[in-house]
file final.txt (compact mmCIF, C-alpha atoms)
# COMPACT_ATOMS: atom_id res chain seq x y z
CA MET A 1 -36.06 -6.92 -21.71
CA ILE A 2 -34.54 -9.36 -24.19
CA LYS A 3 -32.98 -12.49 -22.69
CA PRO A 4 -30.17 -13.81 -24.92
CA ASP A 5 -30.47 -17.40 -26.10
CA LYS A 6 -28.77 -20.14 -24.13
CA LEU A 7 -25.64 -21.71 -25.58
CA HIS A 8 -25.32 -25.25 -26.91
CA ILE A 9 -22.38 -27.61 -26.97
CA GLY A 10 -19.95 -26.45 -29.65
CA ASP A 11 -21.12 -22.83 -29.62
CA LYS A 12 -18.50 -20.10 -29.84
CA ILE A 13 -17.75 -17.73 -26.95
CA ALA A 14 -15.44 -14.80 -27.65
CA ILE A 15 -12.83 -13.51 -25.21
CA ILE A 16 -12.11 -9.79 -25.35
CA SER A 17 -10.05 -7.32 -23.32
CA PRO A 18 -12.02 -4.05 -23.44
CA ALA A 19 -10.24 -2.35 -20.54
CA SER A 20 -6.91 -2.97 -18.77
CA ALA A 21 -4.21 -5.40 -19.88
CA VAL A 22 -4.78 -9.07 -19.10
CA LYS A 23 -2.22 -11.76 -18.35
CA ASP A 24 -2.03 -14.25 -21.21
CA GLU A 25 -2.22 -17.13 -18.74
CA TYR A 26 -5.68 -16.00 -17.57
CA ILE A 27 -7.00 -16.10 -21.13
CA ASP A 28 -5.30 -19.44 -21.82
CA ASN A 29 -6.72 -21.00 -18.65
CA ALA A 30 -10.20 -19.73 -19.52
CA CYS A 31 -9.88 -21.23 -23.00
CA ARG A 32 -9.01 -24.64 -21.52
CA PHE A 33 -11.99 -24.51 -19.18
CA LEU A 34 -14.39 -23.48 -21.95
CA LYS A 35 -13.16 -26.31 -24.18
CA GLU A 36 -13.60 -28.78 -21.33
CA SER A 37 -17.16 -27.44 -20.94
CA GLY A 38 -17.92 -28.20 -24.58
CA LEU A 39 -17.73 -24.63 -25.86
CA THR A 40 -15.47 -23.18 -28.54
CA PRO A 41 -13.39 -20.22 -27.30
CA VAL A 42 -12.52 -17.51 -29.80
CA VAL A 43 -9.73 -15.20 -28.64
CA MET A 44 -10.29 -11.91 -30.43
CA PRO A 45 -7.25 -10.48 -32.28
CA SER A 46 -6.29 -7.85 -29.68
CA ALA A 47 -7.34 -9.66 -26.49
CA LYS A 48 -3.69 -10.34 -25.65
CA GLY A 49 -2.42 -6.96 -26.79
CA PRO A 50 -0.04 -5.49 -27.64
CA ALA A 51 -0.64 -3.34 -24.57
CA ASP A 52 -1.08 0.40 -24.87
CA GLY A 53 0.18 1.74 -21.56
CA SER A 54 -2.04 0.21 -18.86
CA PHE A 55 -4.70 -0.69 -21.41
CA ALA A 56 -4.99 -4.08 -23.08
CA THR A 57 -4.41 -2.43 -26.45
CA THR A 58 -5.37 0.79 -28.23
CA ARG A 59 -8.89 2.15 -27.89
CA HIS A 60 -9.48 1.48 -31.59
CA ASN A 61 -8.46 -2.17 -31.27
CA ARG A 62 -10.53 -2.72 -28.12
CA LEU A 63 -13.58 -1.21 -29.79
CA SER A 64 -13.00 -3.24 -32.96
CA ASP A 65 -12.76 -6.53 -31.02
CA PHE A 66 -15.94 -5.76 -29.09
CA VAL A 67 -18.02 -4.66 -32.06
CA ASN A 68 -16.82 -7.49 -34.30
CA ALA A 69 -17.49 -10.10 -31.63
CA TRP A 70 -20.96 -8.70 -31.04
CA ARG A 71 -21.87 -8.54 -34.73
CA ASP A 72 -20.61 -12.06 -35.45
CA ARG A 73 -23.74 -14.22 -35.38
CA ASP A 74 -21.68 -17.37 -34.88
CA ILE A 75 -20.47 -16.02 -31.54
CA LYS A 76 -23.12 -16.64 -28.88
CA ALA A 77 -21.52 -15.00 -25.81
CA ILE A 78 -18.63 -12.70 -24.89
CA LEU A 79 -16.34 -13.14 -21.88
CA CYS A 80 -14.28 -10.16 -20.75
CA GLY A 81 -10.65 -10.68 -19.78
CA ARG A 82 -10.59 -8.25 -16.86
CA GLY A 83 -11.75 -4.85 -15.70
CA GLY A 84 -9.39 -2.20 -14.39
CA TYR A 85 -10.17 0.88 -16.46
CA GLY A 86 -10.95 1.54 -20.10
CA ALA A 87 -14.39 0.13 -20.95
CA THR A 88 -15.90 3.63 -20.87
CA HIS A 89 -13.63 4.54 -23.82
CA LEU A 90 -15.80 2.37 -26.08
CA LEU A 91 -19.20 3.86 -25.27
CA PRO A 92 -19.17 7.02 -27.45
CA GLU A 93 -18.55 5.04 -30.64
CA LEU A 94 -20.83 2.05 -30.15
CA PRO A 95 -23.03 1.57 -33.25
CA GLU A 96 -26.65 2.48 -32.62
CA GLY A 97 -28.86 -0.49 -31.79
CA ILE A 98 -26.00 -3.00 -31.89
CA PHE A 99 -27.14 -4.93 -28.81
CA ARG A 100 -30.79 -5.36 -29.78
CA ASP A 101 -29.86 -6.31 -33.33
CA ASN A 102 -27.97 -9.40 -32.18
CA PRO A 103 -28.55 -10.14 -28.45
CA LYS A 104 -25.97 -12.30 -26.69
CA TRP A 105 -24.57 -12.69 -23.19
CA LEU A 106 -21.77 -10.38 -22.03
CA ILE A 107 -19.93 -11.63 -18.94
CA GLY A 108 -17.81 -9.45 -16.66
CA PHE A 109 -17.82 -7.05 -13.71
CA SER A 110 -15.96 -4.11 -12.18
CA ASP A 111 -15.09 -1.67 -15.00
CA ILE A 112 -17.22 -3.81 -17.33
CA SER A 113 -20.21 -2.24 -15.55
CA ALA A 114 -19.95 0.50 -18.19
CA LEU A 115 -20.69 -2.04 -20.94
CA HIS A 116 -23.49 -3.64 -18.91
CA ALA A 117 -25.09 -0.20 -18.56
CA ALA A 118 -24.89 0.31 -22.32
CA ILE A 119 -26.41 -3.11 -23.00
CA VAL A 120 -29.35 -2.79 -20.59
CA SER A 121 -29.97 0.73 -21.92
CA GLN A 122 -30.95 -1.03 -25.17
CA GLY A 123 -33.16 -3.51 -23.33
CA VAL A 124 -30.90 -6.58 -23.31
CA MET A 125 -29.94 -8.65 -20.25
CA SER A 126 -26.30 -9.05 -19.26
CA ILE A 127 -24.28 -11.09 -16.73
CA HIS A 128 -22.38 -9.34 -13.93
CA GLY A 129 -19.88 -12.00 -12.87
CA PRO A 130 -16.34 -13.45 -12.84
CA MET A 131 -13.92 -13.01 -15.73
CA THR A 132 -10.99 -15.02 -17.14
CA ARG A 133 -8.86 -15.04 -13.98
CA HIS A 134 -11.45 -17.15 -12.16
CA PHE A 135 -12.75 -19.23 -15.04
CA ASN A 136 -12.25 -22.73 -13.68
CA SER A 137 -14.37 -25.56 -12.36
CA THR A 138 -13.75 -24.79 -8.68
CA ASP A 139 -15.11 -21.23 -8.64
CA PRO A 140 -18.80 -21.26 -7.58
CA GLY A 141 -19.49 -18.05 -9.47
CA VAL A 142 -18.19 -19.54 -12.71
CA ARG A 143 -20.24 -22.71 -12.20
CA GLU A 144 -23.31 -20.50 -11.84
CA ILE A 145 -22.44 -18.62 -15.04
CA MET A 146 -22.28 -21.91 -16.91
CA ARG A 147 -25.72 -22.82 -15.53
CA ILE A 148 -27.07 -19.55 -16.88
CA ILE A 149 -25.59 -19.64 -20.36
CA LEU A 150 -25.83 -23.40 -21.00
CA ASN A 151 -28.91 -24.48 -19.06
CA ASP A 152 -31.01 -21.33 -19.07
CA LYS A 153 -31.14 -21.45 -15.24
CA PHE A 154 -31.23 -18.01 -13.65
CA PRO A 155 -29.58 -17.44 -10.25
CA GLU A 156 -31.33 -18.43 -7.06
CA TYR A 157 -29.37 -17.72 -3.87
CA SER A 158 -29.89 -18.17 -0.17
CA VAL A 159 -27.27 -16.29 1.87
CA ARG A 160 -26.66 -16.18 5.60
CA ARG A 161 -24.05 -14.33 7.63
CA ASP A 162 -22.68 -14.11 11.15
CA SER A 163 -24.90 -12.02 13.43
CA GLU A 164 -21.88 -11.27 15.66
CA ASN A 165 -20.04 -9.22 13.03
CA LEU A 166 -20.72 -5.76 14.42
CA GLN A 167 -19.09 -4.06 11.44
CA ILE A 168 -22.07 -5.09 9.28
CA PRO A 169 -25.55 -3.97 10.41
CA PRO A 170 -28.58 -6.26 10.26
CA ASN A 171 -30.43 -6.32 6.95
CA CYS A 172 -33.59 -4.28 6.55
CA PRO A 173 -36.25 -7.05 6.41
CA GLY A 174 -38.82 -7.11 3.66
CA GLU A 175 -39.79 -8.47 0.28
CA ALA A 176 -39.53 -6.85 -3.13
CA GLU A 177 -39.76 -7.63 -6.82
CA GLY A 178 -38.51 -5.76 -9.87
CA ARG A 179 -35.82 -5.62 -12.53
CA LEU A 180 -32.25 -5.70 -11.26
CA TYR A 181 -29.69 -3.08 -12.28
CA GLY A 182 -26.32 -2.08 -10.85
CA GLY A 183 -22.66 -2.96 -10.69
CA ASN A 184 -19.52 -1.03 -9.77
CA LEU A 185 -20.69 2.15 -8.08
CA ALA A 186 -17.84 4.44 -9.16
CA VAL A 187 -18.14 3.33 -12.80
CA LEU A 188 -21.92 3.79 -12.84
CA ASN A 189 -21.62 7.19 -11.19
CA GLY A 190 -19.28 8.25 -13.98
CA LEU A 191 -22.13 7.67 -16.44
CA ALA A 192 -24.50 10.10 -14.71
CA GLY A 193 -26.34 12.29 -17.20
CA THR A 194 -25.31 10.17 -20.20
CA PRO A 195 -27.53 7.92 -22.33
CA PHE A 196 -26.12 5.00 -20.32
CA ASP A 197 -27.19 6.27 -16.89
CA ILE A 198 -29.14 3.36 -15.36
CA ALA A 199 -30.64 5.80 -12.87
CA GLU A 200 -33.04 6.83 -15.61
CA ARG A 201 -34.40 3.29 -15.89
CA ILE A 202 -34.66 2.90 -12.12
CA ALA A 203 -36.65 6.12 -11.89
CA GLU A 204 -39.16 4.87 -14.47
CA GLU A 205 -39.87 1.28 -13.39
CA ASP A 206 -39.98 -1.07 -10.41
CA SER A 207 -36.29 -1.78 -9.84
CA LEU A 208 -33.76 -3.29 -7.47
CA LEU A 209 -30.24 -1.86 -7.29
CA PHE A 210 -27.03 -3.74 -6.44
CA ILE A 211 -23.72 -2.00 -5.82
CA GLU A 212 -20.11 -2.98 -5.13
CA ASP A 213 -16.70 -1.33 -5.32
CA ILE A 214 -13.00 -1.58 -4.54
CA ALA A 215 -10.60 0.94 -2.98
CA GLU A 216 -13.21 3.71 -2.79
CA PRO A 217 -13.09 5.84 0.39
CA ILE A 218 -16.23 5.84 2.49
CA TYR A 219 -16.89 9.54 1.89
CA LYS A 220 -16.82 9.09 -1.89
CA VAL A 221 -19.42 6.33 -1.72
CA GLU A 222 -21.55 8.53 0.52
CA ARG A 223 -21.25 11.35 -2.02
CA VAL A 224 -22.64 9.07 -4.73
CA LEU A 225 -25.51 8.05 -2.45
CA TYR A 226 -26.40 11.72 -2.02
CA ARG A 227 -26.44 12.11 -5.79
CA LEU A 228 -28.80 9.16 -6.11
CA LEU A 229 -30.97 10.54 -3.33
CA MET A 230 -31.28 13.98 -4.93
CA GLN A 231 -31.91 12.39 -8.32
CA GLY A 232 -34.88 10.53 -6.85
CA VAL A 233 -33.40 7.11 -7.51
CA LEU A 234 -33.30 5.85 -3.93
CA ASN A 235 -36.84 6.98 -3.22
CA ASN A 236 -38.09 4.90 -6.14
CA LEU A 237 -36.20 1.69 -5.30
CA LYS A 238 -37.98 -1.55 -4.48
CA GLY A 239 -34.88 -3.14 -2.97
CA LEU A 240 -31.15 -2.57 -2.39
CA ILE A 241 -28.37 -5.16 -2.49
CA ILE A 242 -25.06 -4.13 -0.94
CA GLY A 243 -22.30 -6.26 -2.40
CA GLN A 244 -18.66 -6.31 -1.36
CA PHE A 245 -16.78 -3.07 -0.70
CA THR A 246 -13.14 -4.05 -0.43
CA GLU A 247 -9.70 -2.45 0.10
CA TYR A 248 -10.85 0.73 1.84
CA ARG A 249 -10.07 2.26 5.23
CA SER A 250 -12.35 3.16 8.07
CA SER A 251 -12.70 6.87 8.80
CA SER A 252 -13.24 9.08 11.84
CA ASP A 253 -16.91 9.22 10.83
CA HIS A 254 -17.64 5.59 10.00
CA SER A 255 -15.97 2.35 11.05
CA SER A 256 -17.24 0.48 7.99
CA MET A 257 -18.86 1.10 4.62
CA GLU A 258 -21.94 -0.85 5.66
CA GLN A 259 -22.41 1.24 8.80
CA MET A 260 -22.26 4.43 6.73
CA ILE A 261 -24.86 3.09 4.31
CA ASP A 262 -27.10 1.93 7.14
CA LYS A 263 -26.93 5.35 8.81
CA PHE A 264 -27.59 7.07 5.48
CA ILE A 265 -30.69 4.97 4.90
CA LYS A 266 -32.06 5.70 8.35
CA ASP A 267 -31.16 9.40 8.33
CA HIS A 268 -33.11 9.89 5.11
CA ASN A 269 -36.04 7.62 6.03
CA LEU A 270 -35.32 5.21 3.19
CA THR A 271 -36.86 2.36 5.14
CA GLY A 272 -39.65 1.34 2.81
CA PHE A 273 -37.70 -1.36 0.97
CA PRO A 274 -35.56 -4.40 1.88
CA VAL A 275 -31.80 -4.00 2.12
CA VAL A 276 -29.30 -6.86 2.24
CA TYR A 277 -25.68 -6.30 3.31
CA ASP A 278 -22.59 -8.39 2.57
CA PHE A 279 -24.01 -10.01 -0.57
CA PRO A 280 -21.34 -12.20 -2.27
CA CYS A 281 -20.78 -10.17 -5.43
CA GLY A 282 -17.84 -7.90 -6.20
CA HIS A 283 -14.05 -8.06 -5.91
CA ILE A 284 -13.91 -11.31 -3.94
CA GLU A 285 -13.34 -15.00 -4.47
CA GLY A 286 -16.70 -16.61 -5.15
CA ASN A 287 -18.13 -13.56 -6.93
CA MET A 288 -21.67 -14.79 -7.58
CA PRO A 289 -23.18 -13.69 -10.91
CA LEU A 290 -26.30 -11.57 -11.21
CA VAL A 291 -28.31 -11.09 -14.39
CA GLU A 292 -28.74 -7.38 -15.06
CA GLY A 293 -32.17 -6.53 -16.40
CA ALA A 294 -33.77 -9.76 -15.14
CA MET A 295 -36.83 -9.80 -12.93
CA THR A 296 -35.67 -10.41 -9.37
CA CYS A 297 -37.44 -11.36 -6.17
CA LEU A 298 -35.62 -10.41 -2.96
CA LYS A 299 -36.62 -11.51 0.54
CA THR A 300 -34.54 -10.26 3.44
CA TYR A 301 -34.35 -11.16 7.12
CA PRO A 302 -32.04 -9.64 9.76
CA TYR A 303 -29.10 -11.96 8.97
CA SER A 304 -30.12 -13.82 5.83
CA ALA A 305 -31.64 -13.24 2.43
CA GLU A 306 -33.14 -15.08 -0.51
CA LEU A 307 -32.75 -13.89 -4.10
CA LYS A 308 -34.36 -15.44 -7.14
CA GLN A 309 -34.12 -14.23 -10.73
CA TYR A 310 -36.30 -15.17 -13.66
call {"tool": "encode", "arguments": {"input": "final.txt", "output": "structure tokens"}}
result
Amino acid sequence: MIKPDKLHIGDKIAIISPASAVKDEYIDNACRFLKESGLTPVVMPSAKGPADGSFATTRHNRLSDFVNAWRDRDIKAILCGRGGYGATHLLPELPEGIFRDNPKWLIGFSDISALHAAIVSQGVMSIHGPMTRHFNSTDPGVREIMRIILNDKFPEYSVRRDSENLQIPPNCPGEAEGRLYGGNLAVLNGLAGTPFDIAERIAEEDSLLFIEDIAEPIYKVERVLYRLLMQGVLNNLKGLIIGQFTEYRSSSDHSSMEQMIDKFIKDHNLTGFPVVYDFPCGHIEGNMPLVEGAMTCLKTYPYSAELKQY
């Protein structure tokens, strides 16, 4: 795996909108923060539109901004405006080998998981983390991103949660080490069977998987887990990180997403690796960044966990 170079004061960081439309104020606020941090923001030509329906701009313009930002050797990192839907549109026309030819950090999450999958498929690390809306000095996830890209300091987290929250089962204790892959579960599932299917990498090497999602019914997440089970992905995992699943309803079968996942793991005897629930990544305030493709050590205890990347 190639780790992109760290940034230096004065380096350029591009802002793109590869998916849904972004409020101008989010991009402007991110630009102010980046300037205050000593970086030089470059707003790509179509980052602010004009919008094309729900999309930030036309597919052609979104692809052009992304490819041009990536090929520009003066630009050292790329920050995505927001997710939503639309990043998958870019994948069929990405130039071959573009990411390995000029490695740099891509920052984003949610629908941007499609681009992360494409990048790690070429053996380059990528940052799953907050986008322009949260780019300010008070967001802990953004502060951690700046540590990664400016100081070359990979994430190291110690998390603890309330043992009295009965909606979230205890973690499966254990210790594991491997490369970390993952992101938005629905987006990644949509890449099944394509050249960007991260399941292929997980099946071939020691890997940890992290997942998160928003507004997905419990049964749809369970359906994806069955696909991963039958594909042999879950049996080959070294560790599983359950991020935030938000804006969904309980069902007559399961009172929470975490309880469904816990039952699934036990029903299929997937107990040979550590599992941590309620990890602070996903569609929440304080979305903590994770470096996709980085070596990761995970230690879990019933109500706490330690994660270190390098």
call {"tool": "residues_around", "arguments": {"input": "final.txt", "residues": "Asn287 of chain A", "least_positions_apart": "3", "cutoff": "10 Å", "atoms": "all atoms listed in the file", "output": "list in words"}}
result
Phe109, His128, Gly129, Pro130, Met131, His134, Asp139, Pro140, Gly141, Val142, Glu144, Gly243, Gln244, Phe279, Pro280, Cys281, Gly282, His283, Ile284 and Leu290 of chain A
call {"tool": "atom_distance", "arguments": {"input": "final.txt", "atom1": "atom CA of Asn102 of chain A", "atom2": "atom CA of Glu212 of chain A"}}
result
28.9 Å
call {"tool": "closest_residue", "arguments": {"input": "final.txt", "among": "A:Lys238, A:Arg160, A:Arg227, A:Arg62", "to": "Leu208 of chain A", "atoms": "all atoms listed in the file"}}
result
A:Lys238
call {"tool": "atom_distance", "arguments": {"input": "final.txt", "atom1": "atom CA of Val275 of chain A", "atom2": "atom CA of Leu240 of chain A"}}
result
4.8 Å
call {"tool": "residues_near_point", "arguments": {"input": "final.txt", "point": "(-30.3, 8.9, -16.1)", "cutoff": "12 Å", "atoms": "only C-alpha atoms", "output": "mmCIF file with C-alpha atoms, keeping the file's coordinate frame"}}
result
data_model
loop_
_atom_site.group_PDB
_atom_site.id
_atom_site.type_symbol
_atom_site.label_atom_id
_atom_site.label_comp_id
_atom_site.auth_asym_id
_atom_site.auth_seq_id
_atom_site.Cartn_x
_atom_site.Cartn_y
_atom_site.Cartn_z
ATOM 1 C CA ALA A 117 -25.090 -0.200 -18.560
ATOM 2 C CA ALA A 118 -24.890 0.310 -22.320
ATOM 3 C CA SER A 121 -29.970 0.730 -21.920
ATOM 4 C CA LEU A 188 -21.920 3.790 -12.840
ATOM 5 C CA ASN A 189 -21.620 7.190 -11.190
ATOM 6 C CA GLY A 190 -19.280 8.250 -13.980
ATOM 7 C CA LEU A 191 -22.130 7.670 -16.440
ATOM 8 C CA ALA A 192 -24.500 10.100 -14.710
ATOM 9 C CA GLY A 193 -26.340 12.290 -17.200
ATOM 10 C CA THR A 194 -25.310 10.170 -20.200
ATOM 11 C CA PRO A 195 -27.530 7.920 -22.330
ATOM 12 C CA PHE A 196 -26.120 5.000 -20.320
ATOM 13 C CA ASP A 197 -27.190 6.270 -16.890
ATOM 14 C CA ILE A 198 -29.140 3.360 -15.360
ATOM 15 C CA ALA A 199 -30.640 5.800 -12.870
ATOM 16 C CA GLU A 200 -33.040 6.830 -15.610
ATOM 17 C CA ARG A 201 -34.400 3.290 -15.890
ATOM 18 C CA ILE A 202 -34.660 2.900 -12.120
ATOM 19 C CA ALA A 203 -36.650 6.120 -11.890
ATOM 20 C CA GLU A 204 -39.160 4.870 -14.470
ATOM 21 C CA ARG A 227 -26.440 12.110 -5.790
ATOM 22 C CA LEU A 228 -28.800 9.160 -6.110
ATOM 23 C CA GLN A 231 -31.910 12.390 -8.320
ATOM 24 C CA GLY A 232 -34.880 10.530 -6.850
ATOM 25 C CA VAL A 233 -33.400 7.110 -7.510
#
call {"tool": "closest_residue", "arguments": {"input": "final.txt", "among": "A:Leu185, A:Ile265, A:Ala19, A:Val159", "to": "Leu91 of chain A", "atoms": "only C-alpha atoms"}}
result
A:Ala19
call {"tool": "axis_aligned_box", "arguments": {"input": "final.txt", "around": "segment 89-107 of chain A", "padding_each_side": "6 Å", "output": "JSON"}}
result
{"center_x": -22.2, "center_y": -2.8, "center_z": -26.1, "size_x": 29.2, "size_y": 31.7, "size_z": 26.4}
call {"tool": "closest_residue", "arguments": {"input": "final.txt", "among": "A:Asp74, A:Glu25, A:Asp52, A:Glu306", "to": "Gly10 of chain A", "atoms": "all atoms listed in the file"}}
result
A:Asp74
call {"tool": "closest_residue", "arguments": {"input": "final.txt", "among": "A:Gly293, A:Gly38, A:Pro173, A:Pro274", "to": "Leu7 of chain A", "atoms": "all atoms listed in the file"}}
result
A:Gly38
call {"tool": "residues_around", "arguments": {"input": "final.txt", "residues": "Asn165 of chain A", "least_positions_apart": "6", "cutoff": "12 Å", "atoms": "all atoms listed in the file", "output": "PyMOL selection string"}}
result
chain A and resi 256+258-259+277-278+303
call {"tool": "write_last_selection", "arguments": {"input": "final.txt", "atoms": "C-alpha atoms", "output": "compact mmCIF listing (two decimals), keeping the file's coordinate frame"}}
result
# COMPACT_ATOMS: atom_id res chain seq x y z
CA SER A 256 -17.24 0.48 7.99
CA GLU A 258 -21.94 -0.85 5.66
CA GLN A 259 -22.41 1.24 8.80
CA TYR A 277 -25.68 -6.30 3.31
CA ASP A 278 -22.59 -8.39 2.57
CA TYR A 303 -29.10 -11.96 8.97
call {"tool": "closest_residue", "arguments": {"input": "final.txt", "among": "A:Ile13, A:Ala294, A:Thr58, A:Ser207", "to": "Val124 of chain A", "atoms": "all atoms listed in the file"}}
result
A:Ala294
call {"tool": "residues_around", "arguments": {"input": "final.txt", "residues": "segment 245-255 of chain A", "least_positions_apart": "6", "cutoff": "7 Å", "atoms": "only C-alpha atoms", "output": "number ranges by chain"}}
result
A: 212-217, 283
call {"tool": "atom_distance", "arguments": {"input": "final.txt", "atom1": "atom CA of Cys172 of chain A", "atom2": "atom CA of Ser304 of chain A"}}
result
10.2 Å
call {"tool": "closest_residue", "arguments": {"input": "final.txt", "among": "A:Thr138, A:Thr271, A:Ser126, A:Ser158", "to": "Gly239 of chain A", "atoms": "all atoms listed in the file"}}
result
A:Thr271
call {"tool": "residues_around", "arguments": {"input": "final.txt", "residues": "Gly53 of chain A", "least_positions_apart": "5", "cutoff": "12 Å", "atoms": "all atoms listed in the file", "output": "list in words"}}
result
Ala19, Ser20, Ala21, Thr58, Arg59, Tyr85 and Gly86 of chain A
call {"tool": "residues_near_point", "arguments": {"input": "final.txt", "point": "(-18.5, -21.6, -27.0)", "cutoff": "7 Å", "atoms": "only C-alpha atoms", "output": "short mmCIF file (atom, residue, chain, number, x, y, z; two decimals) with C-alpha atoms, in the coordinates of the input"}}
result
data_model
loop_
_atom_site.label_atom_id
_atom_site.label_comp_id
_atom_site.auth_asym_id
_atom_site.auth_seq_id
_atom_site.Cartn_x
_atom_site.Cartn_y
_atom_site.Cartn_z
CA GLY A 10 -19.95 -26.45 -29.65
CA ASP A 11 -21.12 -22.83 -29.62
CA LYS A 12 -18.50 -20.10 -29.84
CA ILE A 13 -17.75 -17.73 -26.95
CA LEU A 34 -14.39 -23.48 -21.95
CA LEU A 39 -17.73 -24.63 -25.86
CA THR A 40 -15.47 -23.18 -28.54
CA PRO A 41 -13.39 -20.22 -27.30
#
call {"tool": "residues_around", "arguments": {"input": "final.txt", "residues": "Phe66 of chain A", "least_positions_apart": "5", "cutoff": "9 Å", "atoms": "all atoms listed in the file", "output": "PyMOL selection string"}}
result
chain A and resi 16-18+44+61+71+78+90
call {"tool": "write_last_selection", "arguments": {"input": "final.txt", "atoms": "C-alpha atoms", "output": "PDB file, in the coordinates of the input"}}
result
ATOM      1  CA  ILE A  16     -12.110  -9.790 -25.350  1.00  0.00           C
ATOM      2  CA  SER A  17     -10.050  -7.320 -23.320  1.00  0.00           C
ATOM      3  CA  PRO A  18     -12.020  -4.050 -23.440  1.00  0.00           C
ATOM      4  CA  MET A  44     -10.290 -11.910 -30.430  1.00  0.00           C
ATOM      5  CA  ASN A  61      -8.460  -2.170 -31.270  1.00  0.00           C
ATOM      6  CA  ARG A  71     -21.870  -8.540 -34.730  1.00  0.00           C
ATOM      7  CA  ILE A  78     -18.630 -12.700 -24.890  1.00  0.00           C
ATOM      8  CA  LEU A  90     -15.800   2.370 -26.080  1.00  0.00           C
TER       9      LEU A  90
END
